[in-house]
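K.L.:
One structure, pasted below without further comment.
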Amino acid sequence: MKRFLLLLIIACSFSTSSFSLQGGPDAFGYTWMDSNEPGGPAYNWFDITLIGSQLSGFGDDNFIGPKPLGGPFTYYWYTVDKCWIGSNGYISFGPGNIAANFPAIPNPSGVNNYITGLMADLMFLGTGNPGKVYYYVGVDTFCMAWVNVPFWSPNPPGYTGSCTFEILLVRSDSSITINFQNCNGVSQSNISVGIENSIGNMGLQPMTSFVSPLMNYTIKYYYPNNPLSVSDAGAEWNNISTNGGMFLPALGSPFTVTSNVKNTGNVALSPVTVGSRVRYVNNSLILANNVVTGPLAIGQDTTITHSNLLNPPLASTMKCVTTVYGDTISANDSIVQELVSVDTTQINIRLTWTNNHMNVVQGNISWNGGAGGVGQYFKPPTYPARIVNTSFIMTGTSTGQYTCYAKIYDDDGPSGAPGTLLDSVAVLTTSVITYAVTVVPVSSNIVIGSGGVYVLWDMGGTGAGIGEDWTAPISRHAYEVFANIWSNYREYQTRDFFIGIDYQKAIPEDVGVSKIQNPLNNATISTPTTISCWVKNFGTAPDNYFIDVNYKLGLSGVPTTEPYTGAPIPPGDSVLFTFAQQLTPPYTALDQLCCWTSKSTDVQFNNDTTCINLTLIGMNELVQLNGVNVFPNPVTDIVTFNFENALDEGAQIRIHDMMGRLVYEQSISLITQDSNVKISFSDLASGIYSYTVLSGQKITSGKISKG
């Protein structure tokens with residue numbers, strides 16, 4: 001999909017070129033020929049739609065995987081055994097998202113180590129989209145086929161044209177064949193066909209164009225007869241296998257630094273020296289380690305645990321750098337990881353990859369059409385962690401009511417991917433000040449005891465934009481999201497977004513209903529009645545985090561649930577909670593009323609609930625009592641109940657305040673015609689009071705205002 005990368009981002013342009021018939025060798029020795037060249041490969045479509053497996057999960061500018069190749073495949077001077085499949089028509093031998101505009105090959109920056117079939121801005125979304133992807137693993141052959149996949153289009157339904165092509169890898173001769181069955185339609189981006197090695201310094205690119213390839217056409221890459229001997233040890237990762245950024249508790253326990261290095265060449269290696277350095281962003285040294293490995297066989301890796309430990313300094317951004325010395329290829333000798341130490345003694349602990357949002361906004365991003373988003377992953381350094389806010393620096397606001405939606409996802413998806421949606425808050429356009437920090441409180445109770453969360457900035461409409469951070473080190477935890485499909489951000493190795501979370505140290509929480517205040521136990525209820533109860537904090541810290549209070553009548557009753565929104569309840573203390581929704585007795589019987597708290601992070605459930613017994617006189621079994629007049633209303637001193645008709649069964653008058661407390665009750669054995677009963681309000685506070693008059697099976701009720 002065409003993206004708008006604003007401010008300092010300059011789109012690269014590619015000139016149109018026609019197909020050559022053969023090419024190479026590249027620096028390693030790969031050559032290629034096409035099916036139009038004498039002696040070249042014959043076009044022979046390998047149909048795997050019936051023998052292969054169809055893959056799902058493709059959208060717009062994303063990838064899935066990995067998928068096994070069925071055995072080691074020799075690619076350049078190393079072997080690969082699995083691949084990731086890009087929606088834009090390529091396979092890569094490491095996770096990486098490649099999107100328009102597509103790079104020249106070779107290119108050391110960005111994603112490396114891939115083979116393109118027809119790399120273009122392809123699209124799998126939109127009503128009726130016919131695009132499918134199949135893969136097949138045979139004894140000697142691996143095949144990946146894109147079938148009837150259209151190009152992205154800015155016009156409805158979001159796609160146009162159709163392309164069918166495939167990539168075949170043959171292990172026995174290490175050849176790579178690209179078959180183009182057909183392709184029609186107009187690409188909005190350049191089209192690229194080529195191969196590139198793991199460090200982006202070698203490759204072939206038979207085509208970069210805006211013109212679709214020929215029908216029934218083949219390009220084949222040939223492995224060199226005398227491949228270059230490569231002595232190469234690469235720094236693979238620091239501390240975690242993705243080399244992603246980590247948060248550490250400042251002044252916390254010493255941290256053990258680890259490094260992984262691998263023999264990525266095609267000859268055995270003698271021992272190599274590995275240096276590990278932790279530095280501040282200004283390059284001043286914090287920690288140094290040097291280790292000499294043992295011999296490394298071809299393809300062998302080793303993880304080094306360094307003896308000198310890191311004592312995380314107070315609230316700092318650091319870079320952990322592993323460097324390999326003594327091989328012949330320097331491009332992959334060093335790898336950098338971002339480490340951030342945070343002050344975990346604060347009440348609110350902010351996690352960002354942007355130096356607490358103090359780095360300079362150097363670029364921004366906005367999706368074409370006002371739909372799409374970007375995200376960051378955060379793993380707190382301490383648990384349990386209560387997420388209380390998300391934060392953003394936005395560079396543009398939407399033309400609509402909402403600029404964005406701040407969403408939080410658990411990392412409980414496959415292999416730690418975004419899974420359960422934990423929270424979603426619509427951010428009003430009027431609340432956003434561009435190029436300033438916008439703090440968005442969460443709307444739900446989010447406490448995590450392990451792992452982390454993904455925060456998504458989801459556009460609310462045209463014009464919304466979010467800032468990019470280009471200041472090294474980079475977290476490698478940036479994502480782009482479209483139609484709820486997540487993928488590594490295309491510039492995730494060099495960009496972060498101004499997205500953050502605030503969390504608090506959560507401690508065990510325990511609240512419950514200790515007593516029902518109104519009505520009293522064994523009371524008779526014949527009119528709508530206000531329910532109130534005491535909510536107690538049995539925990540060890542003040543608590544008002546997402547406490548719901550409930551009541552229900554009998555086993556078959558429907559619960560009434562209302563949130564507690566008051567001040568934090570001190571440990572061991574209680575507050576009186578009054579429900580806005582009254583209880584109306586639905587039948588005449590003896591029954592039980594229960595009140596309880598519900599809270600997802602409550603650690604003790606046996607003190608949540610309190611119940612009382614009631615005698616009910618159902619409202620639906622009573623008849624309206626007519627002829628009762630109440631005046632004056634509002635009242636200042638004396639209120640009069642006038643009875644137009646005689647009542648042989650007498651009457652009972654009850655008055656309650658708005659807390660449900662009974663403030664007056666009188667029973668009259670006989671009511672004569674046009675008689676009056678006067679009740680003093682002089683000692684009652686100003687406010688609204690409810691009254692009921694019950695006579696036998698007849699009832700009337702209303703409200704009285706005291707000025």
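If you're wondering about the labels, chains in the structure tokens are A, B, ... by order shown, residues count from 1 in each chain, ligands from 1 in order shown.
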From a DSSP pass on the backbone, collect the residues of segment 276-420 of chain A flagged as helix (DSSP H, G or I) and hand them back as a ChimeraX atom specification.
P.N.:
/A:368-370,414-416
K.L.:
Keeping only N, CA and C atoms, take the residues you just selected and write them out as a short mmCIF file (atom, residue, chain, number, x, y, z; two decimals), in the first residue's frame.
P.N.:
```
data_model
loop_
_atom_site.label_atom_id
_atom_site.label_comp_id
_atom_site.auth_asym_id
_atom_site.auth_seq_id
_atom_site.Cartn_x
_atom_site.Cartn_y
_atom_site.Cartn_z
N ASN A 368 -2.13 6.52 4.06
CA ASN A 368 -3.03 7.00 3.03
C ASN A 368 -4.45 6.53 3.30
N GLY A 369 -5.41 7.45 3.25
CA GLY A 369 -6.81 7.10 3.44
C GLY A 369 -7.29 7.20 4.87
N GLY A 370 -6.38 7.48 5.82
CA GLY A 370 -6.80 7.68 7.21
C GLY A 370 -7.02 6.42 7.99
N PRO A 414 0.32 -16.25 19.00
CA PRO A 414 1.32 -17.26 18.62
C PRO A 414 2.74 -16.69 18.66
N SER A 415 3.64 -17.40 19.34
CA SER A 415 5.05 -17.01 19.45
C SER A 415 5.23 -15.60 20.00
N GLY A 416 4.34 -15.20 20.91
CA GLY A 416 4.47 -13.90 21.54
C GLY A 416 3.93 -12.75 20.72
#
```
K.L.:
Might you pull out every residue within 7 Å of Phe255 of chain A, with only C-alpha atoms counted and same-chain residues fewer than 2 positions away left off, and present them as a PyMOL selection string?
P.N.:
chain A and resi 253+257+309-311
K.L.:
Excluding Cys183 of chain A and its own-chain neighbours fewer than 4 positions away, which residues fall within 10 Å of it when counting only C-alpha atoms? Please give them as an NGL selection string.
P.N.:
:A and (118 or 148-151 or 161-165 or 211-216)
K.L.:
Could you save those same residues with C-alpha atoms as a PDB file, in the first residue's frame?
P.N.:
```pdb
ATOM      1  CA  LEU A 118       7.744 -10.405  -8.205  1.00  0.00           C
ATOM      2  CA  ASN A 148      -3.927 -14.373  -8.777  1.00  0.00           C
ATOM      3  CA  VAL A 149      -2.557 -11.758  -6.380  1.00  0.00           C
ATOM      4  CA  PRO A 150      -3.515  -8.197  -7.408  1.00  0.00           C
ATOM      5  CA  PHE A 151      -1.652  -4.908  -6.994  1.00  0.00           C
ATOM      6  CA  GLY A 161      -4.987  -6.600 -11.793  1.00  0.00           C
ATOM      7  CA  SER A 162      -3.709 -10.088 -11.064  1.00  0.00           C
ATOM      8  CA  CYS A 163      -0.258 -11.734 -10.900  1.00  0.00           C
ATOM      9  CA  THR A 164       0.711 -15.419 -10.708  1.00  0.00           C
ATOM     10  CA  PHE A 165       4.367 -16.322 -10.141  1.00  0.00           C
ATOM     11  CA  VAL A 211       6.312  -2.681 -16.078  1.00  0.00           C
ATOM     12  CA  SER A 212       4.995  -6.168 -15.317  1.00  0.00           C
ATOM     13  CA  PRO A 213       7.145  -9.103 -16.507  1.00  0.00           C
ATOM     14  CA  LEU A 214       6.330 -11.187 -19.538  1.00  0.00           C
ATOM     15  CA  MET A 215       3.833 -14.063 -19.521  1.00  0.00           C
ATOM     16  CA  ASN A 216       5.160 -17.644 -19.472  1.00  0.00           C
TER      17      ASN A 216
END
```
K.L.:
Mind checking which residues fall within 7 Å of segment 72-85 of chain A, counting only C-alpha atoms, ignoring those fewer than 4 positions away in the same chain, and posting them as a list in words?
P.N.:
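Here the qualifying residues turn out to be Phe28, Phe63, Ile64, Gly65, Pro66, Lys67, Pro68, Tyr90, Ile91, Ser92, Phe93, Gly94, Pro95, Arg171, Ser174, Asn197, Val230, Thr264, Gly265 and Asn266 of chain A.
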K.L.:
To test your reading of the structure, identify every residue in segment 470-619 of chain A that backbone DSSP assigns to strand (DSSP E or B), and report it as a VMD selection string.
P.N.:
chain A and resid 478 to 482 485 to 488 496 to 497 499 to 505 509 511 to 518 523 to 525 529 532 to 537 543 547 to 553 560 to 564 569 574 to 578 583 589 to 598 602 609 to 616
